[in-house]
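Pasted below: query19.cif, mmCIF, C-alpha atoms.
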data_query
#
loop_
_atom_site.group_PDB
_atom_site.id
_atom_site.type_symbol
_atom_site.label_atom_id
_atom_site.label_comp_id
_atom_site.auth_asym_id
_atom_site.auth_seq_id
_atom_site.Cartn_x
_atom_site.Cartn_y
_atom_site.Cartn_z
ATOM 1 C CA THR A 1 1.515 126.740 53.822
ATOM 2 C CA GLU A 2 -0.080 128.925 51.165
ATOM 3 C CA GLU A 3 3.109 131.008 50.933
ATOM 4 C CA TRP A 4 5.205 127.885 50.301
ATOM 5 C CA VAL A 5 2.814 126.650 47.597
ATOM 6 C CA ALA A 6 2.814 130.080 45.941
ATOM 7 C CA ALA A 7 6.640 130.096 45.961
ATOM 8 C CA TRP A 8 6.669 126.583 44.478
ATOM 9 C CA GLN A 9 4.272 127.633 41.686
ATOM 10 C CA ARG A 10 6.429 130.651 40.799
ATOM 11 C CA GLY A 11 9.503 128.478 40.570
ATOM 12 C CA ALA A 12 7.910 125.560 38.715
ATOM 13 C CA GLU A 13 6.425 127.868 36.078
ATOM 14 C CA GLN A 14 9.913 129.055 35.076
ATOM 15 C CA VAL A 15 11.385 125.587 34.537
ATOM 16 C CA GLU A 16 11.589 124.384 30.941
ATOM 17 C CA GLU A 17 13.953 121.385 31.046
ATOM 18 C CA ALA A 18 12.235 118.030 31.598
ATOM 19 C CA GLU A 19 14.823 116.836 34.137
ATOM 20 C CA LEU A 20 14.373 119.911 36.326
ATOM 21 C CA GLN A 21 10.586 119.670 35.970
ATOM 22 C CA GLN A 22 10.824 116.199 37.512
ATOM 23 C CA VAL A 23 12.862 117.633 40.394
ATOM 24 C CA TRP A 24 10.174 120.246 41.065
ATOM 25 C CA ALA A 25 7.461 117.575 40.909
ATOM 26 C CA ARG A 26 9.291 115.373 43.438
ATOM 27 C CA LEU A 27 9.803 118.423 45.638
ATOM 28 C CA LEU A 28 6.052 119.043 45.795
ATOM 29 C CA CYS A 29 5.258 115.370 46.420
ATOM 30 C CA ASP A 30 7.782 115.166 49.280
ATOM 31 C CA GLU A 31 6.424 118.352 50.823
ATOM 32 C CA ILE A 32 2.841 117.050 50.671
ATOM 33 C CA LEU A 33 3.864 113.762 52.316
ATOM 34 C CA GLU A 34 6.038 115.472 54.940
ATOM 35 C CA PRO A 35 5.338 119.196 55.357
ATOM 36 C CA GLY A 36 8.419 121.230 56.211
ATOM 37 C CA SER A 37 10.803 119.001 54.241
ATOM 38 C CA TYR A 38 12.057 121.911 52.143
ATOM 39 C CA SER A 39 12.460 125.562 53.043
ATOM 40 C CA ARG A 40 11.541 128.544 50.889
ATOM 41 C CA ARG A 41 15.274 129.241 50.730
ATOM 42 C CA THR A 42 15.706 125.928 48.921
ATOM 43 C CA LEU A 43 12.870 126.837 46.557
ATOM 44 C CA GLU A 44 14.542 130.153 45.733
ATOM 45 C CA ALA A 45 17.931 128.517 45.168
ATOM 46 C CA LEU A 46 16.421 125.916 42.836
ATOM 47 C CA ARG A 47 14.468 128.599 40.975
ATOM 48 C CA THR A 48 17.692 130.430 40.095
ATOM 49 C CA LEU A 49 19.715 127.278 39.379
ATOM 50 C CA GLY A 50 21.174 127.464 35.883
ATOM 51 C CA ARG A 51 21.637 124.668 33.358
ATOM 52 C CA GLU A 52 25.427 124.563 33.800
ATOM 53 C CA GLU A 53 25.145 124.528 37.592
ATOM 54 C CA ALA A 54 22.633 121.674 37.474
ATOM 55 C CA ARG A 55 24.850 119.731 35.050
ATOM 56 C CA THR A 56 27.894 120.222 37.282
ATOM 57 C CA PHE A 57 25.995 119.078 40.368
ATOM 58 C CA SER A 58 24.802 115.979 38.499
ATOM 59 C CA LYS A 59 28.442 115.221 37.695
ATOM 60 C CA ILE A 60 29.642 115.316 41.312
ATOM 61 C CA ALA A 61 26.515 113.895 42.997
ATOM 62 C CA PRO A 62 27.465 110.200 42.503
ATOM 63 C CA ARG A 63 30.652 110.895 44.489
ATOM 64 C CA VAL A 64 28.941 112.530 47.451
ATOM 65 C CA ILE A 65 29.419 110.483 50.621
ATOM 66 C CA ALA A 66 28.272 111.571 54.086
ATOM 67 C CA ARG A 67 26.870 114.769 52.556
ATOM 68 C CA GLY A 68 30.219 115.941 51.239
ATOM 69 C CA LEU A 69 32.991 115.481 48.695
ATOM 70 C CA LEU A 70 35.751 113.495 50.392
ATOM 71 C CA LYS A 71 39.456 113.768 49.592
ATOM 72 C CA VAL A 72 40.935 110.277 49.576
ATOM 73 C CA ASP A 73 44.508 110.999 48.483
ATOM 74 C CA GLY A 74 46.077 112.934 51.327
ATOM 75 C CA PRO A 75 45.379 115.617 53.941
ATOM 76 C CA PRO A 76 43.027 118.597 53.454
ATOM 77 C CA ALA A 77 44.269 121.094 50.859
ATOM 78 C CA PRO A 78 43.424 124.606 49.649
ATOM 79 C CA LEU A 79 40.289 124.515 47.511
ATOM 80 C CA THR A 80 42.200 125.739 44.450
ATOM 81 C CA ASP A 81 44.686 122.850 44.838
ATOM 82 C CA VAL A 82 42.147 120.065 45.188
ATOM 83 C CA GLN A 83 42.722 117.283 42.700
ATOM 84 C CA MET A 84 39.739 114.960 42.234
ATOM 85 C CA GLU A 85 39.521 112.679 39.245
ATOM 86 C CA GLY A 86 36.781 113.978 36.980
ATOM 87 C CA VAL A 87 36.162 117.092 39.124
ATOM 88 C CA THR A 88 37.873 120.377 38.277
ATOM 89 C CA VAL A 89 38.502 123.495 40.347
ATOM 90 C CA GLU A 90 36.084 125.270 37.992
ATOM 91 C CA ASP A 91 33.404 122.707 38.924
ATOM 92 C CA LEU A 92 33.934 123.421 42.619
ATOM 93 C CA LEU A 93 33.795 127.177 42.096
ATOM 94 C CA THR A 94 30.581 126.805 40.076
ATOM 95 C CA LEU A 95 28.986 124.799 42.874
ATOM 96 C CA HIS A 96 30.180 127.265 45.511
ATOM 97 C CA GLN A 97 28.783 130.245 43.614
ATOM 98 C CA ALA A 98 25.460 128.397 43.241
ATOM 99 C CA GLY A 99 25.331 127.895 47.013
ATOM 100 C CA LEU A 100 25.534 124.090 46.774
ATOM 101 C CA ILE A 101 28.852 123.478 48.567
ATOM 102 C CA VAL A 102 30.410 125.213 51.549
ATOM 103 C CA GLY A 103 33.082 127.571 50.287
ATOM 104 C CA SER A 104 36.390 127.805 52.105
ATOM 105 C CA SER A 105 40.001 128.582 51.318
ATOM 106 C CA VAL A 106 40.931 125.203 52.830
ATOM 107 C CA MET A 107 39.002 121.930 52.922
ATOM 108 C CA HIS A 108 37.467 120.818 56.194
ATOM 109 C CA ALA A 109 38.960 117.879 58.101
ATOM 110 C CA ARG A 110 36.271 115.427 59.154
ATOM 111 C CA SER A 111 36.443 112.448 61.483
ATOM 112 C CA PHE A 112 34.383 109.276 61.110
ATOM 113 C CA THR A 113 34.014 106.864 64.045
ATOM 114 C CA SER A 114 33.002 103.213 63.902
ATOM 115 C CA GLN A 115 30.202 101.779 66.032
ATOM 116 C CA PRO A 116 30.091 98.270 67.580
ATOM 117 C CA THR A 117 27.847 95.696 65.913
ATOM 118 C CA ALA A 118 25.925 92.770 67.396
ATOM 119 C CA ASP A 119 28.468 90.242 66.072
ATOM 120 C CA GLY A 120 31.438 91.911 67.753
ATOM 121 C CA LYS A 121 32.659 93.824 64.706
ATOM 122 C CA HIS A 122 32.833 97.580 64.224
ATOM 123 C CA ALA A 123 31.106 99.397 61.361
ATOM 124 C CA MET A 124 30.769 102.834 59.790
ATOM 125 C CA LEU A 125 27.587 103.692 57.889
ATOM 126 C CA LEU A 126 28.112 106.525 55.419
ATOM 127 C CA ALA A 127 25.240 108.010 53.424
ATOM 128 C CA THR A 128 25.568 108.169 49.633
ATOM 129 C CA CYS A 129 23.630 110.042 46.949
ATOM 130 C CA SER A 130 20.861 107.418 47.005
ATOM 131 C CA ASP A 131 19.090 105.212 49.547
ATOM 132 C CA LEU A 132 22.209 103.012 49.703
ATOM 133 C CA ARG A 133 24.830 103.307 52.450
ATOM 134 C CA LEU A 134 28.555 102.709 52.186
ATOM 135 C CA VAL A 135 29.227 100.371 55.127
ATOM 136 C CA LEU A 136 32.805 99.778 56.265
ATOM 137 C CA PHE A 137 33.515 96.817 58.579
ATOM 138 C CA PHE A 138 36.562 96.899 60.879
ATOM 139 C CA ASN A 139 38.097 94.384 63.290
ATOM 140 C CA ALA A 140 38.640 97.035 65.996
ATOM 141 C CA PRO A 141 37.265 100.426 67.092
ATOM 142 C CA THR A 142 38.330 102.865 64.401
ATOM 143 C CA VAL A 143 38.466 106.578 63.638
ATOM 144 C CA ILE A 144 39.434 107.859 60.193
ATOM 145 C CA ARG A 145 40.026 111.455 59.123
ATOM 146 C CA LEU A 146 39.513 112.700 55.586
ATOM 147 C CA GLY A 147 39.460 116.086 53.910
ATOM 148 C CA GLU A 148 35.946 117.174 52.983
ATOM 149 C CA ILE A 149 34.034 119.819 51.059
ATOM 150 C CA PRO A 150 30.553 119.722 52.666
ATOM 151 C CA LEU A 151 27.314 120.313 50.811
ATOM 152 C CA THR A 152 25.169 123.210 51.984
ATOM 153 C CA ARG A 153 21.595 122.614 53.150
ATOM 154 C CA VAL A 154 20.418 123.484 49.639
ATOM 155 C CA GLY A 155 22.957 121.040 48.185
ATOM 156 C CA VAL A 156 21.716 118.284 50.501
ATOM 157 C CA ASP A 157 18.117 119.019 49.483
ATOM 158 C CA LEU A 158 19.026 118.849 45.794
ATOM 159 C CA LEU A 159 20.806 115.543 46.409
ATOM 160 C CA ARG A 160 17.620 114.159 47.987
ATOM 161 C CA LEU A 161 15.524 115.335 45.056
ATOM 162 C CA GLY A 162 17.763 113.934 42.347
ATOM 163 C CA GLN A 163 17.888 110.345 41.164
ATOM 164 C CA PHE A 164 21.571 109.519 41.340
ATOM 165 C CA LYS A 165 23.536 106.276 41.492
ATOM 166 C CA PRO A 166 26.651 106.026 43.702
ATOM 167 C CA ASP A 167 30.020 105.944 41.952
ATOM 168 C CA GLU A 168 31.253 102.478 42.947
ATOM 169 C CA GLN A 169 34.839 103.208 41.938
ATOM 170 C CA PHE A 170 34.955 106.274 44.178
ATOM 171 C CA ALA A 171 33.362 104.304 47.023
ATOM 172 C CA LYS A 172 36.230 101.837 46.621
ATOM 173 C CA SER A 173 38.702 104.735 46.813
ATOM 174 C CA VAL A 174 37.151 105.755 50.139
ATOM 175 C CA ALA A 175 37.465 102.174 51.389
ATOM 176 C CA LEU A 176 41.111 101.980 50.303
ATOM 177 C CA ALA A 177 41.841 105.290 52.039
ATOM 178 C CA ALA A 178 40.292 103.866 55.218
ATOM 179 C CA ALA A 179 42.397 100.708 54.857
ATOM 180 C CA ARG A 180 45.605 102.749 54.520
ATOM 181 C CA GLU A 181 44.817 104.985 57.468
ATOM 182 C CA THR A 182 43.858 102.103 59.785
ATOM 183 C CA ARG A 183 46.739 99.797 58.858
ATOM 184 C CA GLU A 184 44.470 97.136 57.429
ATOM 185 C CA ALA A 185 41.895 97.189 60.258
ATOM 186 C CA LEU A 186 39.303 97.429 57.471
ATOM 187 C CA GLU A 187 38.007 93.954 56.626
ATOM 188 C CA ALA A 188 35.272 94.646 54.079
ATOM 189 C CA ALA A 189 33.098 97.345 52.563
ATOM 190 C CA PHE A 190 29.721 97.124 50.837
ATOM 191 C CA LEU A 191 27.073 99.339 49.375
ATOM 192 C CA CYS A 192 24.086 98.317 51.471
ATOM 193 C CA ARG A 193 20.378 98.969 51.729
ATOM 194 C CA LEU A 194 18.959 99.476 55.201
ATOM 195 C CA ILE A 195 15.750 97.622 56.032
ATOM 196 C CA PRO A 196 13.735 97.832 59.266
ATOM 197 C CA ALA A 197 14.627 95.166 61.820
ATOM 198 C CA PRO A 198 12.258 94.728 64.766
ATOM 199 C CA PRO A 199 11.821 95.943 67.342
ATOM 200 C CA HIS A 200 13.446 99.349 66.723
ATOM 201 C CA GLY A 201 16.552 98.892 64.597
ATOM 202 C CA TYR A 202 17.762 98.464 61.030
ATOM 203 C CA GLN A 203 19.610 95.732 59.202
ATOM 204 C CA SER A 204 22.092 96.412 56.405
ATOM 205 C CA VAL A 205 21.631 94.198 53.347
ATOM 206 C CA PRO A 206 24.672 94.115 51.022
ATOM 207 C CA VAL A 207 23.962 95.128 47.438
ATOM 208 C CA THR A 208 27.456 95.520 45.974
ATOM 209 C CA GLU A 209 30.821 94.412 47.352
ATOM 210 C CA ILE A 210 33.243 97.324 47.297
ATOM 211 C CA TYR A 211 36.280 95.953 49.175
ATOM 212 C CA GLN A 212 37.408 92.672 50.725
ATOM 213 C CA ARG A 213 40.708 92.359 52.530
ATOM 214 C CA ASN A 214 42.862 89.501 51.323
ATOM 215 C CA PRO A 215 43.254 86.732 53.941
#

With the file now loaded, output its structure as structure tokens.
Amino acid sequence: TEEWVAAWQRGAEQVEEAELQQVWARLLCDEILEPGSYSRRTLEALRTLGREEARTFSKIAPRVIARGLLKVDGPPAPLTDVQMEGVTVEDLLTLHQAGLIVGSSVMHARSFTSQPTADGKHAMLLATCSDLRLVLFFNAPTVIRLGEIPLTRVGVDLLRLGQFKPDEQFAKSVALAAARETREALEAAFLCRLIPAPPHGYQSVPVTEIYQRNP
């Protein structure tokens, strides 16, 4: 709409850093290709995003899985007690104040459920910060529970707009946490790219091996 374009112009005119200018350019391109992709609320949040907030988000983005920051070393904990390698409490507070993560005194507990595959296995497909998926393969129906700090809608939009690469070491930590919780039901994990598979499905193509259970 004209109002959305006017809001985009006001925001883009205030951006000086080249990296953020690219974000605003991708935002406009996505909106032209698929109107309604981004709300004016997202535009306003990005317009007021500071350099330190953007830098902090770029630091945690490679570790985002399933639209959240997952805790792989124990049950949910108070936000001020969260220990994540390379991520400080100050980082989390910065992101919360910027409206990029859901603030809470205690982390959320989130369940992930496997789905049957055509070859008789069971798999979980978890979104990452890019077009790749973290795919976990199990030998039985499986549910895992992990502590999570979810991204807000604005945080998810910013993740889509950025050009981030998944942290393979953290993806392995998620796989190892799943292996511990399921008593070795996890057989393998890969970062995969989904490609269309006729007539109406998708096929996961492994890109990077993350975990392989020893025989």

Leaving out Gly50 in chain A and any residue of its chain fewer than 3 positions from it, which residues lie within 12 Å of it when counting only C-alpha atoms, given as a PyMOL selection string? chain A and resi 14-17+20+45-47+53-57+94-95+97-99

Here's the selection I'm unsure about, the PyMOL selection byres ((chain A and resi 180-184) around 9); applied to the file above, which residues does it give, as a VMD selection string? chain A and resid 138 142 to 145 175 to 179 185 to 187 213

Quick check on the file I pasted: which residues fall under the PyMOL selection byres ((chain A and resi 163) around 9)? Write them as a ChimeraX atom specification. /A:23,129-130,159-162,164-165

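Using only C-alpha atoms for every distance, the candidate list A:Arg40, A:Arg10, A:Arg26, A:Lys59 yields A:Lys59 as the residue closest to Pro166 in chain A.
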
Near Glu44 in chain A, counting all atoms listed in the file, which residues have an atom at most 9 Å away, once you skip same-chain residues fewer than 6 positions from it, shown as a list in words? Ala7, Trp8 and Gly11 of chain A

What does the distance from CA of Tyr38 in chain A to CA of Met107 in chain A come to in Å, to one decimal? 27.0 Å

Counting only C-alpha atoms, find the residues whose atoms lie at most 7 Å from (6.8, 127.3, 54.8) (file coordinates) and write them out as a list in words.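 Residues with an atom at most 7 Å from (6.8, 127.3, 54.8): Thr1, Glu3, Trp4, Gly36, Ser39 and Arg40 of chain A.
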
Closest contacts (range 31-146 of chain A/range 150-155 of chain A, max 8 Å, all atoms listed in the file) as a tab-separated table:
residue	atom	partner	partner_atom	distance
A:Arg41	CA	A:Val154	CA	7.8
A:Thr42	CA	A:Val154	CA	5.4
A:Ala45	CA	A:Val154	CA	7.2
A:Arg67	CA	A:Leu151	CA	5.8
A:Gly68	CA	A:Pro150	CA	4.1
A:Leu69	CA	A:Pro150	CA	6.3
A:Gly99	CA	A:Thr152	CA	6.8
A:Leu100	CA	A:Gly155	CA	4.2
A:Ile101	CA	A:Leu151	CA	4.2
A:Val102	CA	A:Pro150	CA	5.6
A:His108	CA	A:Pro150	CA	7.8

Can you measure CA of Glu34 in chain A to CA of Glu13 in chain A for me? One decimal in Å is fine. 22.6 Å

If I take CA of Asp157 in chain A and CA of Asp30 in chain A, how far is one from the other in Å, to one decimal?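 Computed distance, CA of Asp157 in chain A to CA of Asp30 in chain A, equals 11.0 Å.
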
Take every atom of range 27-39 of chain A listed in the file, fit an axis-aligned box around them, add 8 Å per side, and give the centre and edge lengths in Å to one decimal as JSON.
{"center_x": 7.7, "center_y": 119.7, "center_z": 50.9, "size_x": 25.6, "size_y": 27.8, "size_z": 26.6}

Compute the distance from (35.0, 93.0, 67.3) to each atom, counting all atoms listed in the file, keep the residues with any atom at most 8 Å away, and return them as a list in words; use the coordinates of the file.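 Applying the cut-off with all atoms listed in the file, one gets Pro116, Thr117, Asp119, Gly120, Lys121, His122, Phe138, Asn139, Ala140 and Pro141 of chain A.
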
Pick the closest to Leu146 in chain A from A:Glu168, A:Asp73, A:Glu52, A:Asp131: which is it, counting only C-alpha atoms?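 Result for the nearest residue to Leu146 in chain A: A:Asp73.
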
Nearest candidate to Ala127 in chain A (options A:Gly103, A:Gly147, A:Cys192, A:Leu158; using all atoms listed in the file): A:Cys192

Run the PyMOL selection byres ((chain A and resi 126) around 12) on the file and write out the hits as a PyMOL selection string. chain A and resi 64-68+70+111-115+123-125+127-137+166+171+174-175+189-194+204

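Using all atoms listed in the file, the shortest contact distance between Ile210 in chain A and any of A:Glu31, A:Glu148, A:Asp91, A:Asp167 is found at A:Asp167.
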
Pick from A:Pro62, A:Leu43, A:Pro199, A:Val72: nearest to Ser173 in chain A, with only C-alpha atoms counted?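 Once distances to Ser173 in chain A are computed over only C-alpha atoms, the minimum belongs to A:Val72.
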
Any chance you could build range 91-127 of chain A out to N, CA and C atoms and write it as a PDB file, keeping the file's coordinate frame?
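Wrote result-v3.pdb, looks like this:
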ATOM      1  N   ASP A  91      34.640 123.346  38.456  1.00  0.00           N
ATOM      2  CA  ASP A  91      33.404 122.707  38.924  1.00  0.00           C
ATOM      3  C   ASP A  91      33.104 123.122  40.361  1.00  0.00           C
ATOM      4  N   LEU A  92      34.121 123.081  41.211  1.00  0.00           N
ATOM      5  CA  LEU A  92      33.934 123.421  42.619  1.00  0.00           C
ATOM      6  C   LEU A  92      33.535 124.879  42.786  1.00  0.00           C
ATOM      7  N   LEU A  93      34.148 125.760  42.015  1.00  0.00           N
ATOM      8  CA  LEU A  93      33.795 127.177  42.096  1.00  0.00           C
ATOM      9  C   LEU A  93      32.367 127.415  41.611  1.00  0.00           C
ATOM     10  N   THR A  94      31.960 126.696  40.565  1.00  0.00           N
ATOM     11  CA  THR A  94      30.581 126.805  40.076  1.00  0.00           C
ATOM     12  C   THR A  94      29.591 126.395  41.153  1.00  0.00           C
ATOM     13  N   LEU A  95      29.880 125.290  41.831  1.00  0.00           N
ATOM     14  CA  LEU A  95      28.986 124.799  42.874  1.00  0.00           C
ATOM     15  C   LEU A  95      28.962 125.740  44.074  1.00  0.00           C
ATOM     16  N   HIS A  96      30.118 126.311  44.400  1.00  0.00           N
ATOM     17  CA  HIS A  96      30.180 127.265  45.511  1.00  0.00           C
ATOM     18  C   HIS A  96      29.362 128.513  45.195  1.00  0.00           C
ATOM     19  N   GLN A  97      29.522 129.038  44.001  1.00  0.00           N
ATOM     20  CA  GLN A  97      28.783 130.245  43.614  1.00  0.00           C
ATOM     21  C   GLN A  97      27.275 129.990  43.554  1.00  0.00           C
ATOM     22  N   ALA A  98      26.883 128.751  43.276  1.00  0.00           N
ATOM     23  CA  ALA A  98      25.460 128.397  43.241  1.00  0.00           C
ATOM     24  C   ALA A  98      24.907 128.118  44.635  1.00  0.00           C
ATOM     25  N   GLY A  99      25.777 128.144  45.648  1.00  0.00           N
ATOM     26  CA  GLY A  99      25.331 127.895  47.013  1.00  0.00           C
ATOM     27  C   GLY A  99      25.084 126.433  47.325  1.00  0.00           C
ATOM     28  N   LEU A 100      25.764 125.524  46.596  1.00  0.00           N
ATOM     29  CA  LEU A 100      25.534 124.090  46.774  1.00  0.00           C
ATOM     30  C   LEU A 100      26.611 123.404  47.602  1.00  0.00           C
ATOM     31  N   ILE A 101      27.809 123.994  47.687  1.00  0.00           N
ATOM     32  CA  ILE A 101      28.852 123.478  48.567  1.00  0.00           C
ATOM     33  C   ILE A 101      29.339 124.605  49.458  1.00  0.00           C
ATOM     34  N   VAL A 102      29.890 124.228  50.607  1.00  0.00           N
ATOM     35  CA  VAL A 102      30.410 125.213  51.549  1.00  0.00           C
ATOM     36  C   VAL A 102      31.746 125.715  51.025  1.00  0.00           C
ATOM     37  N   GLY A 103      31.853 127.003  50.801  1.00  0.00           N
ATOM     38  CA  GLY A 103      33.082 127.571  50.287  1.00  0.00           C
ATOM     39  C   GLY A 103      34.075 127.829  51.402  1.00  0.00           C
ATOM     40  N   SER A 104      35.336 127.564  51.127  1.00  0.00           N
ATOM     41  CA  SER A 104      36.390 127.805  52.105  1.00  0.00           C
ATOM     42  C   SER A 104      37.716 127.847  51.371  1.00  0.00           C
ATOM     43  N   SER A 105      38.676 128.554  51.936  1.00  0.00           N
ATOM     44  CA  SER A 105      40.001 128.582  51.318  1.00  0.00           C
ATOM     45  C   SER A 105      40.717 127.255  51.517  1.00  0.00           C
ATOM     46  N   VAL A 106      40.329 126.500  52.541  1.00  0.00           N
ATOM     47  CA  VAL A 106      40.931 125.203  52.830  1.00  0.00           C
ATOM     48  C   VAL A 106      39.813 124.205  53.102  1.00  0.00           C
ATOM     49  N   MET A 107      39.989 122.973  52.650  1.00  0.00           N
ATOM     50  CA  MET A 107      39.002 121.930  52.922  1.00  0.00           C
ATOM     51  C   MET A 107      38.846 121.707  54.416  1.00  0.00           C
ATOM     52  N   HIS A 108      37.690 121.213  54.809  1.00  0.00           N
ATOM     53  CA  HIS A 108      37.467 120.818  56.194  1.00  0.00           C
ATOM     54  C   HIS A 108      38.123 119.464  56.441  1.00  0.00           C
ATOM     55  N   ALA A 109      38.518 119.216  57.693  1.00  0.00           N
ATOM     56  CA  ALA A 109      38.960 117.879  58.101  1.00  0.00           C
ATOM     57  C   ALA A 109      37.823 117.256  58.884  1.00  0.00           C
ATOM     58  N   ARG A 110      37.412 116.062  58.513  1.00  0.00           N
ATOM     59  CA  ARG A 110      36.271 115.427  59.154  1.00  0.00           C
ATOM     60  C   ARG A 110      36.642 114.047  59.673  1.00  0.00           C
ATOM     61  N   SER A 111      36.185 113.748  60.868  1.00  0.00           N
ATOM     62  CA  SER A 111      36.443 112.448  61.483  1.00  0.00           C
ATOM     63  C   SER A 111      35.208 111.559  61.380  1.00  0.00           C
ATOM     64  N   PHE A 112      35.447 110.275  61.145  1.00  0.00           N
ATOM     65  CA  PHE A 112      34.383 109.276  61.110  1.00  0.00           C
ATOM     66  C   PHE A 112      34.733 108.187  62.119  1.00  0.00           C
ATOM     67  N   THR A 113      33.780 107.817  62.964  1.00  0.00           N
ATOM     68  CA  THR A 113      34.014 106.864  64.045  1.00  0.00           C
ATOM     69  C   THR A 113      33.147 105.627  63.854  1.00  0.00           C
ATOM     70  N   SER A 114      33.751 104.456  64.027  1.00  0.00           N
ATOM     71  CA  SER A 114      33.002 103.213  63.902  1.00  0.00           C
ATOM     72  C   SER A 114      32.125 102.988  65.134  1.00  0.00           C
ATOM     73  N   GLN A 115      31.102 102.153  64.947  1.00  0.00           N
ATOM     74  CA  GLN A 115      30.202 101.779  66.032  1.00  0.00           C
ATOM     75  C   GLN A 115      30.195 100.259  66.163  1.00  0.00           C
ATOM     76  N   PRO A 116      30.099  99.733  67.405  1.00  0.00           N
ATOM     77  CA  PRO A 116      30.091  98.270  67.580  1.00  0.00           C
ATOM     78  C   PRO A 116      28.830  97.648  66.990  1.00  0.00           C
ATOM     79  N   THR A 117      28.977  96.432  66.479  1.00  0.00           N
ATOM     80  CA  THR A 117      27.847  95.696  65.913  1.00  0.00           C
ATOM     81  C   THR A 117      27.516  94.497  66.809  1.00  0.00           C
ATOM     82  N   ALA A 118      26.381  93.875  66.558  1.00  0.00           N
ATOM     83  CA  ALA A 118      25.925  92.770  67.396  1.00  0.00           C
ATOM     84  C   ALA A 118      26.857  91.565  67.327  1.00  0.00           C
ATOM     85  N   ASP A 119      27.592  91.406  66.221  1.00  0.00           N
ATOM     86  CA  ASP A 119      28.468  90.242  66.072  1.00  0.00           C
ATOM     87  C   ASP A 119      29.899  90.521  66.507  1.00  0.00           C
ATOM     88  N   GLY A 120      30.116  91.619  67.225  1.00  0.00           N
ATOM     89  CA  GLY A 120      31.438  91.911  67.753  1.00  0.00           C
ATOM     90  C   GLY A 120      32.354  92.669  66.813  1.00  0.00           C
ATOM     91  N   LYS A 121      31.876  93.029  65.635  1.00  0.00           N
ATOM     92  CA  LYS A 121      32.659  93.824  64.706  1.00  0.00           C
ATOM     93  C   LYS A 121      32.434  95.314  64.979  1.00  0.00           C
ATOM     94  N   HIS A 122      33.009  96.136  64.121  1.00  0.00           N
ATOM     95  CA  HIS A 122      32.833  97.580  64.224  1.00  0.00           C
ATOM     96  C   HIS A 122      32.552  98.106  62.822  1.00  0.00           C
ATOM     97  N   ALA A 123      31.551  98.972  62.686  1.00  0.00           N
ATOM     98  CA  ALA A 123      31.106  99.397  61.361  1.00  0.00           C
ATOM     99  C   ALA A 123      30.905 100.903  61.297  1.00  0.00           C
ATOM    100  N   MET A 124      31.117 101.451  60.105  1.00  0.00           N
ATOM    101  CA  MET A 124      30.769 102.834  59.790  1.00  0.00           C
ATOM    102  C   MET A 124      29.718 102.808  58.704  1.00  0.00           C
ATOM    103  N   LEU A 125      28.630 103.549  58.901  1.00  0.00           N
ATOM    104  CA  LEU A 125      27.587 103.692  57.889  1.00  0.00           C
ATOM    105  C   LEU A 125      27.649 105.103  57.337  1.00  0.00           C
ATOM    106  N   LEU A 126      27.975 105.221  56.062  1.00  0.00           N
ATOM    107  CA  LEU A 126      28.112 106.525  55.419  1.00  0.00           C
ATOM    108  C   LEU A 126      27.044 106.675  54.339  1.00  0.00           C
ATOM    109  N   ALA A 127      26.288 107.761  54.417  1.00  0.00           N
ATOM    110  CA  ALA A 127      25.240 108.010  53.424  1.00  0.00           C
ATOM    111  C   ALA A 127      25.861 108.262  52.055  1.00  0.00           C
TER     112      ALA A 127
END
